[in-house]
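**Q** Data: run00.txt, compact mmCIF, C-alpha atoms.
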```
# COMPACT_ATOMS: atom_id res chain seq x y z
CA MET A 1 3.79 78.03 226.98
CA THR A 2 1.80 79.90 229.57
CA ASP A 3 -1.11 78.88 231.78
CA VAL A 4 -4.16 80.92 232.69
CA VAL A 5 -6.77 79.49 235.08
CA VAL A 6 -9.90 81.30 236.23
CA SER A 7 -13.00 80.05 238.00
CA VAL A 8 -16.40 81.17 239.20
CA ASP A 9 -18.96 79.71 241.58
CA VAL A 10 -22.38 79.28 240.00
CA ALA A 11 -25.70 78.95 241.85
CA VAL A 12 -26.96 76.11 239.63
CA PRO A 13 -26.38 72.35 239.57
CA ALA A 14 -23.41 71.07 237.57
CA GLY A 15 -25.68 69.72 234.83
CA THR A 16 -27.26 73.13 234.24
CA ALA A 17 -23.87 74.86 234.26
CA TRP A 18 -22.61 72.30 231.72
CA LEU A 19 -25.57 72.84 229.39
CA ALA A 20 -25.17 76.62 229.61
CA LEU A 21 -21.41 76.41 229.05
CA THR A 22 -21.57 74.10 226.03
CA ASP A 23 -24.40 75.96 224.29
CA TRP A 24 -21.70 77.23 221.94
CA GLU A 25 -23.92 79.37 219.71
CA ARG A 26 -25.05 81.37 222.77
CA GLN A 27 -21.61 81.94 224.33
CA GLY A 28 -21.62 85.48 223.00
CA GLU A 29 -24.32 86.23 225.58
CA TRP A 30 -21.72 85.99 228.34
CA MET A 31 -18.27 85.89 226.74
CA LEU A 32 -16.92 89.39 226.12
CA GLY A 33 -16.68 90.35 222.45
CA THR A 34 -16.92 86.77 221.19
CA HIS A 35 -19.25 84.96 218.80
CA VAL A 36 -18.96 81.15 218.63
CA LYS A 37 -20.39 78.73 216.09
CA VAL A 38 -20.11 75.03 215.43
CA VAL A 39 -18.43 74.56 212.03
CA GLU A 40 -18.04 70.78 211.94
CA GLY A 41 -19.78 67.95 213.78
CA ASN A 42 -22.49 68.44 216.37
CA GLY A 43 -20.48 70.47 218.91
CA ARG A 44 -21.06 67.78 221.52
CA SER A 45 -18.51 65.14 220.60
CA VAL A 46 -14.80 64.58 220.04
CA GLY A 47 -13.77 65.83 216.62
CA SER A 48 -16.37 68.61 216.44
CA LYS A 49 -14.91 71.97 215.45
CA LEU A 50 -15.81 75.41 216.74
CA SER A 51 -15.01 78.84 215.40
CA ALA A 52 -14.87 81.79 217.79
CA PHE A 53 -14.50 85.34 216.51
CA THR A 54 -13.30 87.77 219.18
CA GLY A 55 -13.29 91.45 218.37
CA VAL A 56 -15.27 94.64 217.94
CA ALA A 57 -16.88 96.02 214.77
CA GLY A 58 -15.38 93.23 212.66
CA ILE A 59 -11.82 93.89 213.85
CA GLY A 60 -10.36 90.96 215.75
CA PHE A 61 -9.35 87.37 215.17
CA THR A 62 -10.87 83.94 214.71
CA ASP A 63 -9.95 81.09 217.03
CA THR A 64 -10.67 77.69 215.49
CA MET A 65 -10.88 74.81 217.98
CA GLU A 66 -11.35 71.06 217.86
CA ILE A 67 -12.96 69.19 220.74
CA THR A 68 -10.43 66.56 221.84
CA SER A 69 -12.17 65.36 225.01
CA TRP A 70 -15.90 65.35 225.78
CA GLU A 71 -16.92 64.19 229.27
CA PRO A 72 -20.37 65.61 230.07
CA PRO A 73 -21.31 67.08 232.46
CA LEU A 74 -17.81 67.61 233.78
CA ARG A 75 -15.11 68.39 231.25
CA CYS A 76 -14.47 69.49 227.68
CA VAL A 77 -10.99 69.95 226.21
CA VAL A 78 -10.34 71.86 222.99
CA ARG A 79 -7.21 72.22 220.90
CA HIS A 80 -6.72 75.68 219.43
CA LEU A 81 -5.87 75.31 215.74
CA GLY A 82 -5.31 78.92 214.66
CA LYS A 83 -2.28 81.02 213.89
CA ILE A 84 -3.02 83.49 216.71
CA VAL A 85 -4.30 81.18 219.45
CA GLN A 86 -2.44 77.88 219.87
CA GLY A 87 -2.55 75.46 222.74
CA THR A 88 -5.24 73.75 224.78
CA GLY A 89 -8.32 74.98 226.59
CA VAL A 90 -10.13 73.07 229.33
CA PHE A 91 -13.69 73.83 230.47
CA GLN A 92 -14.53 72.01 233.68
CA VAL A 93 -17.62 72.01 235.87
CA ILE A 94 -17.22 70.85 239.46
CA GLU A 95 -20.32 69.87 241.42
CA LYS A 96 -20.45 71.53 244.84
CA GLY A 97 -23.92 70.44 245.89
CA PRO A 98 -27.41 69.93 244.54
CA HIS A 99 -27.78 73.61 243.68
CA SER A 100 -24.24 74.87 243.11
CA SER A 101 -21.15 74.24 241.05
CA THR A 102 -17.88 75.84 240.03
CA PHE A 103 -16.86 76.53 236.44
CA VAL A 104 -13.09 76.39 235.88
CA TRP A 105 -11.62 77.66 232.61
CA ALA A 106 -7.96 76.80 232.02
CA GLU A 107 -5.83 77.72 229.01
CA HIS A 108 -2.38 76.36 228.23
CA LEU A 109 -1.28 78.72 225.45
CA ARG A 110 1.67 79.42 223.23
CA PRO A 111 1.91 83.21 222.77
CA PRO A 112 1.66 84.23 219.10
CA PHE A 113 4.21 86.19 217.06
CA GLY A 114 7.34 84.33 218.16
CA VAL A 115 9.84 86.25 220.29
CA VAL A 116 7.73 89.42 220.17
CA GLY A 117 4.75 87.52 221.59
CA ARG A 118 6.81 85.87 224.32
CA LEU A 119 8.25 89.23 225.37
CA GLY A 120 4.88 90.99 225.19
CA TRP A 121 2.86 88.30 226.95
CA PRO A 122 3.69 89.51 230.50
CA VAL A 123 2.16 92.87 229.52
CA ALA A 124 -0.88 91.37 227.74
CA LYS A 125 -1.62 88.56 230.21
CA PRO A 126 -3.27 90.69 232.95
CA GLY A 127 -5.72 92.13 230.40
CA PHE A 128 -6.46 88.66 229.03
CA GLU A 129 -7.10 87.33 232.56
CA LEU A 130 -9.32 90.31 233.38
CA GLY A 131 -11.41 89.64 230.27
CA LEU A 132 -11.80 86.00 231.27
CA ARG A 133 -12.76 86.91 234.84
CA LEU A 134 -15.39 89.39 233.64
CA SER A 135 -16.73 86.79 231.21
CA LEU A 136 -16.99 84.22 234.01
CA GLN A 137 -18.87 86.68 236.22
CA ARG A 138 -21.28 87.19 233.33
CA PHE A 139 -21.47 83.41 232.89
CA ALA A 140 -22.59 82.92 236.50
CA LYS A 141 -25.57 85.26 235.93
CA TYR A 142 -26.28 83.75 232.51
CA ALA A 143 -26.26 80.17 233.86
CA GLU A 144 -28.60 81.09 236.71
CA GLY A 145 -31.23 82.15 234.16
CA TYR A 146 -30.36 79.55 231.54
CA ARG A 147 -33.13 77.78 229.70
CA VAL A 148 -32.48 75.18 227.00
CA GLY A 149 -33.59 76.30 223.56
```
Take the structure from the file and write it as structure tokens.
**A**
Amino acid sequence: MTDVVVSVDVAVPAGTAWLALTDWERQGEWMLGTHVKVVEGNGRSVGSKLSAFTGVAGIGFTDTMEITSWEPPLRCVVRHLGKIVQGTGVFQVIEKGPHSSTFVWAEHLRPPFGVVGRLGWPVAKPGFELGLRLSLQRFAKYAEGYRVG
């Protein structure tokens, strides 16, 4: 297993950051190359399932997740159910003040493809982390202009 943790400060209250973060169907507006949809449940409760396609021009992979912990407006934990992405993801919002918060995204992942994946992960990990960091920078701007609906 490998851990990846990235964070970004956001100039909005924790509640606004939470709403922006968990607006699953709009995550593609800030998450690089990813389209998310709720495929089971309401997307705002334990047991709900999400499907995230990451790729370009239809070439990529689907990451199916189940929400295993739902603690608004602070924390959501998902279990990755796919063949490519396996492990646990944690989305956490930390209140810093009345007008600011920090979004922390942590992944505890099992690299895919057995031995090949474990050997290749040290090469792939920096690119994965860069993609997450860029997505979080985009999230900060997205959350600052976020409007429900």
**Q** Could the residues of segment 104-132 of chain A that have an atom at most 6 Å from segment 63-86 of chain A be listed as JSON lines, each with its closest atom pair and the distance in Å to one decimal, counting only C-alpha atoms and ordered by chain and ascending residue number?
**A**
```
{"residue": "A:Leu109", "atom": "CA", "partner": "A:Gln86", "partner_atom": "CA", "distance": 5.8}
{"residue": "A:Arg110", "atom": "CA", "partner": "A:Gln86", "partner_atom": "CA", "distance": 5.5}
{"residue": "A:Pro112", "atom": "CA", "partner": "A:Ile84", "partner_atom": "CA", "distance": 5.3}
```
**Q** Could you tell me how far atom CA of Gly28 of chain A lies from atom CA of Thr54 of chain A, in Å and to one decimal?
**A**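 About the pair atom CA of Gly28 of chain A and atom CA of Thr54 of chain A: they are 9.4 Å apart.
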**Q** Measuring between all atoms listed in the file, which one of A:Gly55, A:Gly43, A:Gly114, A:Gly131 shows the shortest distance to Leu21 of chain A?
**A**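 Ranking A:Gly55, A:Gly43, A:Gly114, A:Gly131 by distance to Leu21 of chain A, first place goes to A:Gly43.
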**Q** Give me, please, the distance in Å between atom CA of Trp18 of chain A and atom CA of Val148 of chain A, quoted to one decimal.
**A**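 Answer for the atom CA of Trp18 of chain A to atom CA of Val148 of chain A separation: 11.3 Å.
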**Q** Here is a test: counting only C-alpha atoms, which residue of A:Gln92, A:Ile59, A:Thr16, A:Asp3 is nearest to Ala143 of chain A?
**A**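 Distance minimum relative to Ala143 of chain A lands on A:Thr16.
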**Q** Go ahead and compute the interatomic distance for atom CA of Gly41 of chain A and atom CA of Glu107 of chain A, in Å to one decimal.
**A**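 Atom-to-atom, atom CA of Gly41 of chain A to atom CA of Glu107 of chain A, that is 22.8 Å.
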**Q** Could I get the residues of segment 61-113 of chain A with an atom no further than 6 Å from an atom of segment 5-8 of chain A, each paired with its nearest atom pair and that distance in Å to one decimal, using only C-alpha atoms, sorted by chain and residue number, as CSV?
**A**
```
residue,atom,partner,partner_atom,distance
A:Thr102,CA,A:Val8,CA,5.6
A:Phe103,CA,A:Val8,CA,5.4
A:Val104,CA,A:Ser7,CA,4.2
A:Trp105,CA,A:Val6,CA,5.4
A:Ala106,CA,A:Val5,CA,4.2
```
**Q** Can you complete the atoms of segment 76-87 of chain A to all heavy atoms and list them as a short mmCIF file (atom, residue, chain, number, x, y, z; two decimals), keeping the file's coordinate frame?
**A**
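Written out: selection.cif:
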```
data_model
loop_
_atom_site.label_atom_id
_atom_site.label_comp_id
_atom_site.auth_asym_id
_atom_site.auth_seq_id
_atom_site.Cartn_x
_atom_site.Cartn_y
_atom_site.Cartn_z
N CYS A 76 -14.66 69.41 229.13
CA CYS A 76 -14.47 69.49 227.68
C CYS A 76 -13.08 70.09 227.44
O CYS A 76 -12.72 71.10 228.05
CB CYS A 76 -15.54 70.39 227.06
SG CYS A 76 -15.31 70.69 225.29
N VAL A 77 -12.32 69.45 226.57
CA VAL A 77 -10.99 69.95 226.21
C VAL A 77 -11.01 70.29 224.73
O VAL A 77 -11.52 69.52 223.91
CB VAL A 77 -9.89 68.91 226.51
CG1 VAL A 77 -8.51 69.44 226.12
CG2 VAL A 77 -9.92 68.50 227.98
N VAL A 78 -10.45 71.46 224.39
CA VAL A 78 -10.34 71.86 222.99
C VAL A 78 -8.88 72.13 222.66
O VAL A 78 -8.10 72.56 223.52
CB VAL A 78 -11.19 73.12 222.68
CG1 VAL A 78 -12.67 72.84 222.90
CG2 VAL A 78 -10.73 74.33 223.47
N ARG A 79 -8.54 71.87 221.42
CA ARG A 79 -7.21 72.22 220.90
C ARG A 79 -7.40 73.41 219.98
O ARG A 79 -8.20 73.37 219.06
CB ARG A 79 -6.62 71.03 220.15
CG ARG A 79 -5.22 71.29 219.61
CD ARG A 79 -4.57 70.02 219.09
NE ARG A 79 -5.51 69.18 218.38
CZ ARG A 79 -5.48 68.93 217.07
NH1 ARG A 79 -4.54 69.44 216.32
NH2 ARG A 79 -6.39 68.15 216.51
N HIS A 80 -6.67 74.48 220.27
CA HIS A 80 -6.72 75.68 219.43
C HIS A 80 -5.89 75.43 218.18
O HIS A 80 -4.72 75.08 218.26
CB HIS A 80 -6.17 76.89 220.20
CG HIS A 80 -6.96 77.23 221.42
ND1 HIS A 80 -8.16 77.90 221.38
CD2 HIS A 80 -6.72 76.99 222.74
CE1 HIS A 80 -8.62 78.06 222.61
NE2 HIS A 80 -7.76 77.51 223.45
N LEU A 81 -6.50 75.65 217.02
CA LEU A 81 -5.87 75.31 215.74
C LEU A 81 -5.38 76.52 214.95
O LEU A 81 -4.80 76.35 213.87
CB LEU A 81 -6.86 74.52 214.87
CG LEU A 81 -7.45 73.26 215.49
CD1 LEU A 81 -8.56 72.71 214.61
CD2 LEU A 81 -6.36 72.23 215.71
N GLY A 82 -5.61 77.72 215.44
CA GLY A 82 -5.31 78.92 214.66
C GLY A 82 -3.86 79.36 214.68
O GLY A 82 -3.02 78.78 215.36
N LYS A 83 -3.62 80.43 213.94
CA LYS A 83 -2.28 81.02 213.89
C LYS A 83 -2.07 81.96 215.08
O LYS A 83 -0.96 82.12 215.55
CB LYS A 83 -2.09 81.78 212.58
CG LYS A 83 -2.09 80.88 211.37
CD LYS A 83 -1.84 81.69 210.11
CE LYS A 83 -2.06 80.86 208.88
NZ LYS A 83 -0.99 80.03 208.49
N ILE A 84 -3.13 82.57 215.58
CA ILE A 84 -3.02 83.49 216.71
C ILE A 84 -3.08 82.73 218.03
O ILE A 84 -2.24 82.90 218.90
CB ILE A 84 -4.13 84.56 216.67
CG1 ILE A 84 -4.10 85.34 215.36
CG2 ILE A 84 -4.06 85.48 217.87
CD1 ILE A 84 -2.93 86.28 215.21
N VAL A 85 -4.12 81.92 218.20
CA VAL A 85 -4.30 81.18 219.45
C VAL A 85 -3.91 79.72 219.22
O VAL A 85 -4.51 79.04 218.38
CB VAL A 85 -5.76 81.26 219.96
CG1 VAL A 85 -5.89 80.55 221.30
CG2 VAL A 85 -6.21 82.72 220.09
N GLN A 86 -2.90 79.26 219.96
CA GLN A 86 -2.44 77.88 219.87
C GLN A 86 -2.27 77.33 221.28
O GLN A 86 -1.80 78.02 222.17
CB GLN A 86 -1.10 77.79 219.13
CG GLN A 86 -1.19 78.23 217.69
CD GLN A 86 0.16 78.15 217.01
OE1 GLN A 86 1.19 77.97 217.63
NE2 GLN A 86 0.14 78.30 215.69
N GLY A 87 -2.66 76.09 221.44
CA GLY A 87 -2.55 75.46 222.74
C GLY A 87 -3.80 74.66 223.04
O GLY A 87 -4.49 74.19 222.14
#
```
